[in-house]
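Participant: Sending over protein.json (JSON, C-alpha atoms).
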```json
[["chain", "number", "residue", "atom", "x", "y", "z"],
["A", 28, "MET", "CA", 0.00, 0.00, 0.00],
["A", 29, "ASP", "CA", 1.60, 3.24, -1.15],
["A", 30, "ILE", "CA", 1.10, 6.41, 0.82],
["A", 31, "GLU", "CA", 1.34, 9.87, -0.69],
["A", 32, "VAL", "CA", 2.42, 12.75, 1.52],
["A", 33, "LYS", "CA", 1.81, 16.36, 0.60],
["A", 34, "ILE", "CA", 3.15, 18.96, 3.02],
["A", 35, "GLU", "CA", 0.76, 21.92, 2.96],
["A", 36, "ARG", "CA", 2.79, 25.12, 2.64],
["A", 37, "PHE", "CA", 1.07, 27.45, 5.10],
["A", 38, "ASP", "CA", 4.44, 29.21, 5.48],
["A", 39, "GLN", "CA", 4.23, 30.34, 1.85],
["A", 40, "GLU", "CA", 0.66, 31.55, 2.27],
["A", 41, "MET", "CA", 1.69, 33.61, 5.30],
["A", 42, "ALA", "CA", 4.71, 35.01, 3.46],
["A", 43, "ALA", "CA", 2.42, 36.21, 0.65],
["A", 44, "LEU", "CA", -0.21, 37.71, 2.98],
["A", 45, "GLN", "CA", -0.92, 41.44, 2.61],
["A", 46, "PRO", "CA", -2.40, 43.40, 5.55],
["A", 47, "LYS", "CA", -5.44, 44.39, 3.45],
["A", 48, "ASP", "CA", -6.32, 40.70, 2.96],
["A", 49, "ILE", "CA", -6.08, 39.60, 6.61],
["A", 50, "LEU", "CA", -9.82, 39.53, 7.35],
["A", 51, "LEU", "CA", -10.58, 37.55, 4.20],
["A", 52, "LYS", "CA", -7.75, 35.09, 4.72],
["A", 53, "ASN", "CA", -8.57, 34.70, 8.42],
["A", 54, "THR", "CA", -12.03, 33.43, 7.43],
["A", 55, "GLU", "CA", -10.66, 31.21, 4.66],
["A", 56, "TRP", "CA", -7.90, 29.70, 6.80],
["A", 57, "GLN", "CA", -10.26, 28.77, 9.62],
["A", 58, "GLN", "CA", -12.04, 26.56, 7.10],
["A", 59, "GLN", "CA", -8.97, 25.37, 5.22],
["A", 60, "TYR", "CA", -6.60, 24.69, 8.12],
["A", 61, "GLY", "CA", -9.03, 23.99, 10.98],
["A", 62, "TYR", "CA", -7.29, 22.81, 14.15],
["A", 63, "PHE", "CA", -3.86, 23.83, 12.91],
["A", 64, "TYR", "CA", -4.85, 27.43, 12.22],
["A", 65, "HIS", "CA", -6.49, 27.79, 15.62],
["A", 66, "ASP", "CA", -3.38, 26.42, 17.33],
["A", 67, "TYR", "CA", -1.10, 28.55, 15.17],
["A", 68, "MET", "CA", -2.86, 31.76, 16.15],
["A", 69, "THR", "CA", -3.32, 30.93, 19.84],
["A", 70, "GLU", "CA", -0.23, 28.86, 20.74],
["A", 71, "ILE", "CA", 2.45, 29.73, 18.19],
["A", 72, "LEU", "CA", 1.91, 33.42, 17.36],
["A", 73, "GLU", "CA", -0.02, 33.96, 20.64],
["A", 74, "ILE", "CA", -2.39, 36.39, 18.93],
["A", 75, "GLY", "CA", -5.59, 34.80, 20.18],
["A", 76, "PRO", "CA", -8.48, 32.78, 18.73],
["A", 77, "PRO", "CA", -9.06, 33.44, 15.02],
["A", 78, "GLN", "CA", -12.76, 34.03, 15.70],
["A", 79, "ASP", "CA", -11.76, 37.41, 17.20],
["A", 80, "SER", "CA", -11.21, 38.81, 13.72],
["A", 81, "LEU", "CA", -10.58, 42.44, 14.66],
["A", 82, "ARG", "CA", -7.88, 41.48, 17.14],
["A", 83, "VAL", "CA", -6.36, 39.16, 14.56],
["A", 84, "GLN", "CA", -6.35, 41.95, 11.99],
["A", 85, "GLN", "CA", -4.65, 44.37, 14.37],
["A", 86, "LEU", "CA", -1.97, 42.00, 15.75],
["A", 87, "LEU", "CA", -1.27, 40.11, 12.54],
["A", 88, "THR", "CA", -0.71, 43.42, 10.74],
["A", 89, "GLN", "CA", 1.98, 44.20, 13.32],
["A", 90, "VAL", "CA", 3.60, 40.77, 12.86],
["A", 91, "LEU", "CA", 3.69, 41.10, 9.06],
["A", 92, "GLN", "CA", 5.36, 44.50, 9.27],
["A", 93, "LYS", "CA", 8.18, 43.36, 11.57],
["A", 94, "LYS", "CA", 11.54, 43.19, 9.81],
["A", 95, "ASP", "CA", 12.49, 40.04, 11.74],
["A", 96, "PHE", "CA", 9.41, 38.19, 10.49],
["A", 97, "LYS", "CA", 9.94, 39.34, 6.90],
["A", 98, "ASP", "CA", 13.61, 38.30, 6.94],
["A", 99, "LEU", "CA", 12.79, 34.94, 8.48],
["A", 100, "SER", "CA", 10.00, 34.21, 5.99],
["A", 101, "ALA", "CA", 12.30, 35.18, 3.10],
["A", 102, "SER", "CA", 15.04, 32.87, 4.40],
["A", 103, "VAL", "CA", 12.60, 29.95, 4.72],
["A", 104, "THR", "CA", 11.25, 30.56, 1.20],
["A", 105, "GLN", "CA", 14.79, 30.60, -0.18],
["A", 106, "ARG", "CA", 15.95, 27.49, 1.69],
["A", 107, "PHE", "CA", 12.78, 25.48, 1.01],
["A", 108, "PRO", "CA", 11.39, 26.30, -2.46],
["A", 109, "HIS", "CA", 9.81, 22.84, -2.27],
["A", 110, "LEU", "CA", 9.74, 19.88, 0.14],
["A", 111, "LYS", "CA", 9.71, 17.02, -2.36],
["A", 112, "LYS", "CA", 12.50, 15.01, -0.71],
["A", 113, "GLN", "CA", 10.87, 15.33, 2.72],
["A", 114, "GLU", "CA", 7.50, 14.29, 1.27],
["A", 115, "LYS", "CA", 9.04, 11.23, -0.38],
["A", 116, "ASP", "CA", 10.97, 10.19, 2.75],
["A", 117, "LEU", "CA", 7.95, 10.73, 5.00],
["A", 118, "ALA", "CA", 5.77, 8.66, 2.66],
["A", 119, "LYS", "CA", 8.23, 5.77, 2.86],
["A", 120, "ALA", "CA", 8.42, 5.92, 6.67],
["A", 121, "LEU", "CA", 4.62, 6.12, 6.98],
["A", 122, "LYS", "CA", 4.20, 3.14, 4.69],
["A", 123, "TYR", "CA", 6.25, 1.05, 7.15],
["A", 124, "LEU", "CA", 4.40, 2.61, 10.09],
["A", 125, "LYS", "CA", 0.98, 1.74, 8.63],
["A", 126, "TYR", "CA", 2.16, -1.82, 8.04],
["A", 127, "GLU", "CA", 2.93, -2.12, 11.77],
["A", 128, "PHE", "CA", -0.01, -0.02, 12.97],
["A", 129, "PRO", "CA", -2.76, -0.28, 10.30],
["A", 130, "GLU", "CA", -5.23, 1.58, 12.51],
["A", 131, "TYR", "CA", -3.03, 4.70, 12.56],
["A", 132, "GLU", "CA", -4.68, 7.62, 10.73],
["A", 133, "THR", "CA", -2.12, 9.52, 8.67],
["A", 134, "PRO", "CA", -2.21, 13.17, 9.77],
["A", 135, "ARG", "CA", -1.99, 16.32, 7.70],
["A", 136, "PHE", "CA", 1.50, 17.80, 7.46],
["A", 137, "ILE", "CA", 1.57, 21.59, 7.50],
["A", 138, "SER", "CA", 4.71, 23.73, 7.32],
["A", 139, "PHE", "CA", 4.85, 27.14, 8.98],
["A", 140, "VAL", "CA", 7.12, 29.88, 10.30],
["A", 141, "GLY", "CA", 6.68, 30.27, 14.03],
["A", 142, "GLY", "CA", 9.44, 32.59, 15.19],
["A", 143, "PHE", "CA", 11.50, 29.74, 16.68],
["A", 144, "SER", "CA", 8.70, 28.68, 19.01],
["A", 145, "PHE", "CA", 7.89, 25.11, 17.96],
["A", 146, "GLN", "CA", 9.71, 22.60, 15.79],
["A", 147, "THR", "CA", 7.23, 19.76, 15.19],
["A", 148, "PRO", "CA", 4.02, 20.51, 17.13],
["A", 149, "ILE", "CA", 1.36, 17.83, 16.95],
["A", 150, "GLY", "CA", -2.36, 18.60, 17.07],
["A", 151, "ASN", "CA", -5.77, 17.06, 16.61],
["A", 152, "ASP", "CA", -5.31, 15.95, 13.00],
["A", 153, "TYR", "CA", -1.96, 17.40, 11.98],
["A", 154, "VAL", "CA", 1.78, 17.50, 12.53],
["A", 155, "GLY", "CA", 3.27, 20.95, 12.05],
["A", 156, "ILE", "CA", 6.75, 21.55, 10.65],
["A", 157, "GLY", "CA", 8.33, 24.80, 11.83],
["A", 158, "LEU", "CA", 10.67, 25.36, 8.89],
["A", 159, "ASP", "CA", 12.42, 28.25, 10.65],
["A", 160, "MET", "CA", 13.87, 25.60, 12.99],
["A", 161, "PHE", "CA", 15.41, 23.57, 10.15],
["A", 162, "LEU", "CA", 17.30, 26.25, 8.21],
["A", 163, "GLY", "CA", 20.74, 24.68, 8.68],
["A", 164, "ALA", "CA", 23.34, 24.93, 11.43],
["A", 165, "ASP", "CA", 24.99, 27.82, 9.57],
["A", 166, "SER", "CA", 21.83, 29.95, 9.54],
["A", 167, "GLU", "CA", 22.47, 33.57, 10.50],
["A", 168, "PHE", "CA", 19.49, 33.53, 12.87],
["A", 169, "TYR", "CA", 20.55, 30.92, 15.41],
["A", 170, "PRO", "CA", 23.62, 32.57, 17.02],
["A", 171, "ALA", "CA", 21.37, 35.44, 18.16],
["A", 172, "LEU", "CA", 19.11, 32.97, 20.00],
["A", 173, "VAL", "CA", 21.72, 31.35, 22.25],
["A", 174, "GLN", "CA", 20.06, 32.63, 25.43],
["A", 175, "SER", "CA", 16.94, 30.58, 24.68],
["A", 176, "ILE", "CA", 18.27, 27.97, 22.21],
["A", 177, "PRO", "CA", 21.88, 26.92, 22.93],
["A", 178, "LEU", "CA", 24.13, 26.12, 19.97],
["A", 179, "TYR", "CA", 24.31, 22.43, 20.94],
["A", 180, "ILE", "CA", 20.59, 22.30, 20.14],
["A", 181, "SER", "CA", 20.47, 24.61, 17.10],
["A", 182, "ARG", "CA", 23.30, 22.70, 15.36],
["A", 183, "LYS", "CA", 20.59, 20.05, 14.75],
["A", 184, "PHE", "CA", 18.26, 22.55, 13.05],
["A", 185, "THR", "CA", 19.08, 21.18, 9.59],
["A", 186, "PRO", "CA", 16.86, 20.14, 6.65],
["A", 187, "GLU", "CA", 18.06, 16.54, 7.16],
["A", 188, "ASN", "CA", 16.42, 16.57, 10.59],
["A", 189, "ILE", "CA", 12.89, 17.29, 9.36],
["A", 190, "VAL", "CA", 11.84, 13.70, 8.71],
["A", 191, "PRO", "CA", 13.52, 12.13, 11.81],
["A", 192, "ARG", "CA", 11.98, 14.76, 14.10],
["A", 193, "VAL", "CA", 8.50, 14.37, 12.56],
["A", 194, "ILE", "CA", 8.65, 10.57, 12.87],
["A", 195, "GLU", "CA", 9.98, 10.79, 16.45],
["A", 196, "THR", "CA", 7.13, 13.16, 17.37],
["A", 197, "ILE", "CA", 4.53, 10.78, 15.89],
["A", 198, "LEU", "CA", 6.04, 7.83, 17.77],
["A", 199, "ARG", "CA", 6.29, 9.62, 21.12],
["A", 200, "GLU", "CA", 2.98, 11.50, 20.99],
["A", 201, "ASP", "CA", 0.59, 9.38, 18.92],
["A", 202, "ILE", "CA", 1.80, 5.79, 18.70],
["A", 203, "TYR", "CA", 3.62, 5.10, 21.95],
["A", 204, "PRO", "CA", 3.40, 7.84, 24.62],
["A", 205, "GLN", "CA", 5.41, 7.20, 27.75],
["A", 206, "THR", "CA", 3.32, 6.07, 30.72],
["A", 207, "HIS", "CA", 3.53, 7.40, 34.23],
["A", 208, "GLY", "CA", 4.51, 3.89, 35.29],
["A", 209, "ASP", "CA", 7.96, 4.41, 33.76],
["A", 210, "VAL", "CA", 9.58, 5.52, 36.96],
["A", 211, "ASN", "CA", 13.13, 4.19, 37.15],
["A", 212, "THR", "CA", 16.20, 4.64, 34.97],
["A", 213, "LEU", "CA", 15.86, 1.21, 33.36],
["A", 214, "SER", "CA", 12.27, 1.84, 32.28],
["A", 215, "HIS", "CA", 13.28, 5.22, 30.80],
["A", 216, "MET", "CA", 16.18, 3.49, 29.02],
["A", 217, "VAL", "CA", 13.94, 0.84, 27.49],
["A", 218, "TYR", "CA", 11.24, 3.32, 26.49],
["A", 219, "ASN", "CA", 13.71, 5.56, 24.68],
["A", 220, "GLY", "CA", 15.47, 2.52, 23.26],
["A", 221, "LYS", "CA", 12.20, 1.32, 21.74],
["A", 222, "ILE", "CA", 11.58, 4.73, 20.14],
["A", 223, "LEU", "CA", 15.08, 4.79, 18.63],
["A", 224, "TYR", "CA", 14.76, 1.19, 17.46],
["A", 225, "ALA", "CA", 11.45, 2.08, 15.78],
["A", 226, "MET", "CA", 13.29, 4.91, 14.02],
["A", 227, "ASP", "CA", 15.86, 2.33, 12.83],
["A", 228, "TYR", "CA", 13.00, 0.39, 11.31],
["A", 229, "LEU", "CA", 11.07, 3.30, 9.82],
["A", 230, "LEU", "CA", 13.87, 5.52, 8.54],
["A", 231, "GLU", "CA", 15.96, 3.94, 5.83],
["A", 232, "ASN", "CA", 19.24, 5.68, 5.01],
["A", 233, "VAL", "CA", 19.02, 8.03, 8.00],
["A", 234, "PRO", "CA", 22.30, 7.95, 9.96],
["A", 235, "ASP", "CA", 22.28, 7.06, 13.65],
["A", 236, "THR", "CA", 23.56, 10.56, 14.44],
["A", 237, "ASP", "CA", 20.31, 12.10, 13.12],
["A", 238, "LYS", "CA", 18.10, 9.61, 14.98],
["A", 239, "ILE", "CA", 19.54, 10.37, 18.42],
["A", 240, "GLY", "CA", 20.85, 13.86, 17.67],
["A", 241, "TYR", "CA", 24.56, 13.22, 18.17],
["A", 242, "THR", "CA", 27.56, 14.67, 16.40],
["A", 243, "GLU", "CA", 29.85, 12.12, 14.76],
["A", 244, "ALA", "CA", 32.30, 12.62, 17.64],
["A", 245, "GLN", "CA", 29.60, 11.98, 20.26],
["A", 246, "LEU", "CA", 28.46, 8.78, 18.55],
["A", 247, "LYS", "CA", 32.07, 7.61, 18.33],
["A", 248, "TRP", "CA", 32.53, 8.36, 22.05],
["A", 249, "ALA", "CA", 29.33, 6.50, 23.00],
["A", 250, "ARG", "CA", 30.35, 3.44, 21.00],
["A", 251, "ARG", "CA", 33.89, 3.46, 22.35],
["A", 252, "TYR", "CA", 32.86, 3.73, 26.00],
["A", 253, "GLN", "CA", 29.58, 1.80, 25.80],
["A", 254, "GLN", "CA", 30.68, -0.97, 28.18],
["A", 255, "ASP", "CA", 32.23, 1.49, 30.63],
["A", 256, "VAL", "CA", 29.06, 3.59, 30.67],
["A", 257, "TRP", "CA", 26.92, 0.52, 31.33],
["A", 258, "ALA", "CA", 29.26, -0.57, 34.14],
["A", 259, "TRP", "CA", 29.00, 2.94, 35.60],
["A", 260, "PHE", "CA", 25.18, 2.86, 35.57],
["A", 261, "VAL", "CA", 25.33, -0.50, 37.40],
["A", 262, "GLN", "CA", 28.01, 0.53, 39.93],
["A", 263, "GLU", "CA", 26.20, 3.77, 40.77],
["A", 264, "ASN", "CA", 22.98, 1.78, 41.39],
["A", 265, "LEU", "CA", 21.25, 3.95, 38.83],
["A", 266, "LEU", "CA", 19.20, 1.31, 37.00],
["A", 267, "TYR", "CA", 16.47, 1.18, 39.63],
["A", 268, "ASN", "CA", 16.81, 4.76, 40.85],
["A", 269, "THR", "CA", 13.49, 6.60, 40.80],
["A", 270, "ASP", "CA", 14.78, 10.10, 41.64],
["A", 271, "TYR", "CA", 13.63, 11.94, 38.53],
["A", 272, "LEU", "CA", 15.91, 14.94, 39.07],
["A", 273, "ARG", "CA", 18.89, 12.60, 39.31],
["A", 274, "ILE", "CA", 18.08, 10.45, 36.30],
["A", 275, "GLN", "CA", 16.48, 12.83, 33.81],
["A", 276, "LYS", "CA", 19.87, 14.30, 32.84],
["A", 277, "TYR", "CA", 20.73, 10.99, 31.16],
["A", 278, "PHE", "CA", 17.81, 11.43, 28.75],
["A", 279, "THR", "CA", 17.51, 15.15, 27.98],
["A", 280, "GLU", "CA", 19.35, 17.36, 25.52],
["A", 281, "ALA", "CA", 22.71, 18.54, 26.81],
["A", 282, "PRO", "CA", 26.17, 19.33, 25.45],
["A", 283, "PHE", "CA", 27.69, 16.37, 27.37],
["A", 284, "THR", "CA", 27.24, 14.16, 30.47],
["A", 285, "PRO", "CA", 28.93, 15.98, 33.37],
["A", 286, "GLU", "CA", 30.04, 12.95, 35.42],
["A", 287, "LEU", "CA", 31.65, 11.12, 32.53],
["A", 288, "GLY", "CA", 34.65, 11.69, 30.28],
["A", 289, "GLN", "CA", 37.34, 14.32, 30.34],
["A", 290, "ASN", "CA", 37.17, 17.88, 29.01],
["A", 291, "ASN", "CA", 33.41, 17.58, 28.50],
["A", 292, "GLU", "CA", 33.90, 15.27, 25.51],
["A", 293, "SER", "CA", 31.32, 12.69, 26.61],
["A", 294, "ALA", "CA", 28.10, 12.13, 24.70],
["A", 295, "PRO", "CA", 24.78, 13.33, 26.21],
["A", 296, "LYS", "CA", 21.57, 11.28, 26.51],
["A", 297, "LEU", "CA", 23.54, 8.17, 27.50],
["A", 298, "GLY", "CA", 20.48, 6.56, 29.09],
["A", 299, "SER", "CA", 18.71, 6.72, 25.72],
["A", 300, "TYR", "CA", 21.78, 5.45, 23.87],
["A", 301, "ILE", "CA", 22.24, 2.46, 26.20],
["A", 302, "GLY", "CA", 18.52, 1.64, 25.98],
["A", 303, "TRP", "CA", 18.78, 1.73, 22.19],
["A", 304, "MET", "CA", 21.67, -0.76, 22.18],
["A", 305, "MET", "CA", 19.77, -3.00, 24.61],
["A", 306, "VAL", "CA", 16.59, -3.03, 22.50],
["A", 307, "ARG", "CA", 18.60, -3.64, 19.32],
["A", 308, "LYS", "CA", 20.17, -6.68, 20.97],
["A", 309, "TYR", "CA", 16.78, -7.89, 22.18],
["A", 310, "MET", "CA", 15.30, -7.60, 18.69],
["A", 311, "ILE", "CA", 18.20, -9.52, 17.10],
["A", 312, "LYS", "CA", 17.09, -12.43, 19.31],
["A", 313, "HIS", "CA", 13.43, -11.91, 18.27],
["A", 314, "PRO", "CA", 13.45, -11.31, 14.50],
["A", 315, "GLU", "CA", 9.83, -12.44, 14.28],
["A", 316, "MET", "CA", 8.63, -9.60, 16.52],
["A", 317, "GLY", "CA", 7.12, -6.41, 15.10],
["A", 318, "LEU", "CA", 7.01, -2.94, 16.62],
["A", 319, "LYS", "CA", 3.51, -3.43, 18.01],
["A", 320, "GLU", "CA", 4.59, -6.49, 20.02],
["A", 321, "LEU", "CA", 7.77, -4.76, 21.16],
["A", 322, "PHE", "CA", 5.81, -1.73, 22.37],
["A", 323, "ALA", "CA", 3.37, -4.04, 24.17],
["A", 324, "ILE", "CA", 6.09, -5.36, 26.50],
["A", 325, "GLU", "CA", 5.56, -3.35, 29.66],
["A", 326, "ASN", "CA", 8.27, -4.90, 31.80],
["A", 327, "ALA", "CA", 11.64, -3.27, 31.08],
["A", 328, "GLN", "CA", 13.37, -5.91, 33.22],
["A", 329, "GLU", "CA", 12.18, -8.59, 30.78],
["A", 330, "ILE", "CA", 13.95, -6.85, 27.89],
["A", 331, "LEU", "CA", 17.15, -6.40, 29.92],
["A", 332, "GLU", "CA", 17.28, -10.06, 30.99],
["A", 333, "ASP", "CA", 16.24, -11.58, 27.68],
["A", 334, "SER", "CA", 18.67, -9.42, 25.69],
["A", 335, "LYS", "CA", 21.52, -10.55, 27.98],
["A", 336, "PHE", "CA", 22.82, -7.00, 27.56],
["A", 337, "LYS", "CA", 26.01, -6.42, 29.55],
["A", 338, "GLY", "CA", 27.18, -3.25, 27.86],
["A", 339, "LYS", "CA", 27.69, -4.84, 24.46]]
```
Render the structure in this file as structure tokens.
Facilitator:
Amino acid sequence: MDIEVKIERFDQEMAALQPKDILLKNTEWQQQYGYFYHDYMTEILEIGPPQDSLRVQQLLTQVLQKKDFKDLSASVTQRFPHLKKQEKDLAKALKYLKYEFPEYETPRFISFVGGFSFQTPIGNDYVGIGLDMFLGADSEFYPALVQSIPLYISRKFTPENIVPRVIETILREDIYPQTHGDVNTLSHMVYNGKILYAMDYLLENVPDTDKIGYTEAQLKWARRYQQDVWAWFVQENLLYNTDYLRIQKYFTEAPFTPELGQNNESAPKLGSYIGWMMVRKYMIKHPEMGLKELFAIENAQEILEDSKFKGK
């Protein structure tokens, strides 16, 4: 079953909008873009509900006249004259996803410019793609944002990251949200490992660096010290630790892992990386198992023991 993906270019419609047409377009877009347009106006631009047309006209006029917004829209238009490659790659990933989860309803994909507020927001029937957060690590805009978006995050704002981030969002938000029962380090490891393994399966020809968000050097470091990192998690009694403040730093974005390595050269998100290696090993032993069955295993301990993972 082939799937066709068409990314709706709301960003281009906004870039072409003239202040005199705001009231007309506001009415049209409520019909055309539904949930997305409501969320865009209320959550992303923070203007307010589109039904308040006079307020929309007043505030949207101000937005359109800002030099920053014009420059950003122009940069997005130049960098992304079309999204054919992303559409093709998304279609391929969704074909595999629908094979595993036939009941999954393919959402609308809508691109937008949001002033660096959201990258891949997910709503009632859509996944948004904030193209201003995929302009390329060399974009002139990102160095000015370091107070709110550090460079170790914005270096991943590349066109190559669009499809991995969209698929990761769908997996985490729609297909397999994390449950509140995932309380210790091991359960977080296995959850994130399953997500990354699913990305292995769904994303052909996407390098591991783009799945987990590592630099080449960080991936090399993680592979080199994989056994040592695992031994450290065990020695520090971290696997069954439920102190969220203590363990969350092994799963969130960071420039490095403070306790490990010299000169801050260690890879971040080492809990996710180790979980990924564990799930990969588990799935090598269970080639007959699909993603749905993997996701259905609630006991992280079962995956650890069955995989016989000891750091390699």
Participant: I'd like the contact shell of range 280-296 of chain A - 8 Å cut-off, all atoms listed in the file, skipping same-chain residues fewer than 5 positions apart - returned as number ranges by chain.
Facilitator: A: 179-180, 241, 245-246, 248-249
Participant: I'd like the neighbourhood of Lys247 in chain A as a list in words, where a residue qualifies if any of its atoms comes within 12 Å (using only C-alpha atoms), though same-chain residues fewer than 3 positions away should be ignored.
Facilitator: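 Those residues are Asp235, Thr236, Tyr241, Thr242, Glu243, Ala244, Arg250, Arg251, Tyr252, Gln253, Glu292, Ser293, Ala294 and Tyr300 of chain A.
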Participant: Please determine, counting all atoms listed in the file, which residue among A:Val217, A:Leu198, A:Leu110, A:Ile149 has the shortest atom-to-atom distance to Met304 in chain A.
Facilitator: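 The shortest atom-to-atom distance to Met304 in chain A comes from A:Val217.
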Participant: Could you check the closest approach to Asp79 in chain A for each of A:Val103, A:Met305, A:Leu331, A:Leu50 and tell me which residue wins, using only C-alpha atoms?
Facilitator: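 Ranked by minimum distance to Asp79 in chain A, first place goes to A:Leu50.
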Participant: Determine, using all atoms listed in the file, which residues of range 181-246 of chain A have any atom at most 10 Å from an atom of range 126-134 of chain A, and tabulate each with its shortest atom pair and distance in Å to one decimal place, rows ordered by chain and then rising number, as CSV.
Facilitator:
```
residue,atom,partner,partner_atom,distance
A:Ile197,CA,A:Pro134,CA,9.4
A:Asp201,CA,A:Tyr131,CA,8.7
A:Ile202,CA,A:Tyr131,CA,7.9
A:Leu229,CA,A:Glu127,CA,10.0
```
Participant: For Asn264 in chain A, which residue out of A:Phe322, A:Val306, A:Met160, A:Thr212 is the nearest one, using all atoms listed in the file?
Facilitator: A:Thr212
Participant: Please determine, counting only C-alpha atoms, which residue among A:Thr69, A:Ser138, A:Gln78, A:Gln174 has the shortest atom-to-atom distance to Met41 in chain A.
Facilitator: A:Ser138
Participant: Using all atoms listed in the file, which protein or nucleic acid residues come within 12 Å of Met68 in chain A? Drop anything in the same chain fewer than 3 positions from it, and give the result as a PyMOL selection string.
Facilitator: chain A and resi 41+53+56-57+60-65+71-80+82-84+86-87+90+139-141
Participant: Do a neighbour search on Glu31 in chain A at 9 Å with all atoms listed in the file, toss out local chain neighbours closer than 4 positions, and write the hits as a CSV table (one decimal) with C-alpha atoms, in the frame of the given file.
Facilitator:
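As written to disk, out.csv reads:
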```
chain,number,residue,atom,x,y,z
A,114,GLU,CA,7.5,14.3,1.3
A,115,LYS,CA,9.0,11.2,-0.4
A,117,LEU,CA,8.0,10.7,5.0
A,118,ALA,CA,5.8,8.7,2.7
A,119,LYS,CA,8.2,5.8,2.9
```
Participant: Determine the nearest neighbour of Arg182 in chain A from the options A:Gln262, A:Phe136, A:Asp237, A:Lys319, counting only C-alpha atoms.
Facilitator: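 Counting only C-alpha atoms, the residue closest to Arg182 in chain A is A:Asp237.
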Participant: Nearest residue to Glu70 in chain A out of A:Val210, A:Tyr309, A:Gly142, A:Ala101, using all atoms listed in the file?
Facilitator: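 For Glu70 in chain A, the nearest of the candidates is A:Gly142.
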Participant: Find the residues around Leu91 in chain A up to 10 Å (only C-alpha atoms counted), leave out those fewer than 4 positions away in its own chain, and share them as a ChimeraX atom specification.
Facilitator: /A:41-46,86-87,95-97,100
Participant: One number please: CA of Thr279 in chain A to CA of Ser299 in chain A, in Å, one decimal.
Facilitator: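 Value for the CA of Thr279 in chain A-CA of Ser299 in chain A distance: 8.8 Å.
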Participant: Do you have the CA of Tyr169 in chain A-CA of Ser181 in chain A distance handy?
Facilitator: 6.5 Å
Participant: Just give me the gap between CA of Thr185 in chain A and CA of Asp165 in chain A in Å, one decimal is fine.
Facilitator: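 That distance, rounded to one decimal, is 8.9 Å.
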